[in-house]
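Asks: Here it is, the structure, as structure tokens.
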Amino acid sequence: MLKILKIYSHDFLSKDLKMATLARFFLMSIFNSKSEPSELIRDINMDEENLFRKAIDIWGIKNQILTINEEQNELTIELCLYLEENNGKYALINDAGLKRIVEEIGDVLLVLNYGELIFDCVVEVKKIMTQFKIIKRVSKTRIIHKLILHMNRLSKRIHDFLRQRYVNDKIVLDIAKVKYWIAQFINFIGIKTQIKEQYKRTLKKLEKKVERALFTNKIFNGE
């Protein structure tokens with residue numbers, strides 16, 4: 001608490017009312033949040049599951065698993081830039097860097113569904129997520145560092161799987177932890193609505209991509 005107040009004390013003492021209000025809102029969001037990880041990241045429905053399975057059938061298990069690493073790498077880059085550009089400060093929702101992060105989080109959440117379906121761990125991930133709780137007293141930097149750490153671990157597990165074709169039980173835990181720290185970030189910044197809208201847009205793009213691929217396959221197969 002003292003550390004947080006020290007970081008933001010200049011905002012409270014500042015004549016800039018806007019910044020002072022932002023700082024107060026930030027502290028209130030930490031200590032008053034009641035969201036759970038499962039509330040911030042919803043489960044996929046049957047229509048979405050069918051869509052993901054079609055994508056896996058079209059482009060193959062290996063390609064779809066590798067998209068997890070690809071999207072995680074892109075999110076990692078944006079998170080690092082976000083910390084650097086904001087110099088550790090709390091950024092506004094309309095910050096350009098934060099908008100890019102919202103886009104990348106939407107992509108990561110979507111491709112994690114591939115992992116859950118391919119490794120057949122949808123139920124297990126959901127069960128683990130219900131055991132996690134949103135931490136109220138945690139810094140933005142720690143959240144980002146933890147998220148990057150677990151994305152890196154998940155990427156390593158995926159590479160191990162592709163080499164050995166062996167599903168390590170820890171890969172299930174890593175998927176859950178990536179989703180958990182994404183939930184922490186969403187809760188901390190207060191971007192649940194933005195993430196929800198971005199996920200819908202990302203899902204729509206996938207639907208169109210799958211439709212085009214299926215149509216192309218029909219033409220080549222002479223159907």
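Residues in the structure tokens are named by chain (A, B, ... in the order shown) and by number from 1 within that chain; ligands are numbered from 1 in the order shown.
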So which bits of segment 49-205 of chain A end up helix (DSSP H, G or I) when you DSSP the backbone, as an NGL selection string?
Replies: :A and (49-59 or 61-86 or 96-118 or 122-131 or 140-164 or 169-189 or 192-205)
Asks: Just the residues within 8 Å of segment 196-213 of chain A, please, counting only C-alpha atoms, with nothing from its chain fewer than 4 positions along; format it as a PDB file with C-alpha atoms, in the first residue's frame.
Replies:
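Contents of the output file out-v2.pdb:
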ATOM      1  CA  LEU A  51     -15.362 -23.406 -35.764  1.00  0.00           C
ATOM      2  CA  LYS A  54     -12.817 -26.882 -38.556  1.00  0.00           C
ATOM      3  CA  ALA A  55      -9.764 -24.619 -38.485  1.00  0.00           C
ATOM      4  CA  ILE A  58      -8.132 -27.341 -42.480  1.00  0.00           C
ATOM      5  CA  VAL A 102      -6.192  -5.380 -26.504  1.00  0.00           C
ATOM      6  CA  GLU A 103      -5.928  -6.617 -30.097  1.00  0.00           C
ATOM      7  CA  GLY A 106      -7.975 -11.060 -28.287  1.00  0.00           C
ATOM      8  CA  ASP A 107      -5.754 -13.081 -30.636  1.00  0.00           C
ATOM      9  CA  LEU A 109      -7.333 -15.880 -26.108  1.00  0.00           C
ATOM     10  CA  LEU A 110      -8.649 -17.180 -29.415  1.00  0.00           C
ATOM     11  CA  LYS A 192     -13.171  -6.241 -19.929  1.00  0.00           C
ATOM     12  CA  ASN A 217     -11.305 -26.750 -51.060  1.00  0.00           C
TER      13      ASN A 217
END
Asks: Just checking: using only C-alpha atoms, which residue out of A:Leu66, A:Val108, A:Ile118, A:Ile144 ends up closest to Ile189 of chain A?
Replies: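 Smallest separation from Ile189 of chain A among the options: A:Ile144.
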Asks: Between atom CA of Leu79 of chain A and atom CA of Val172 of chain A, what is the spacing in Å?
Replies: 23.3 Å
Asks: Would you mind listing what lies within 8 Å of Ile65 of chain A as JSON, numbers by chain, with only C-alpha atoms counted and same-chain residues fewer than 5 positions away left out?
Replies: {"A": [111, 114, 115, 158]}
Asks: Report, in Å with one decimal, the straight-line distance from atom CA of Asp57 of chain A to atom CA of Asp43 of chain A.
Replies: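 Going from atom CA of Asp57 of chain A over to atom CA of Asp43 of chain A covers 21.3 Å.
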Asks: Looking at only C-alpha atoms, which of A:Ile77, A:Leu112, A:Leu154, A:Ile101 is the one that sits closest to Asp169 of chain A?
Replies: A:Leu154
Asks: How far is it from atom CA of Ala176 of chain A to atom CA of Val125 of chain A, in Å with one decimal?
Replies: 5.3 Å
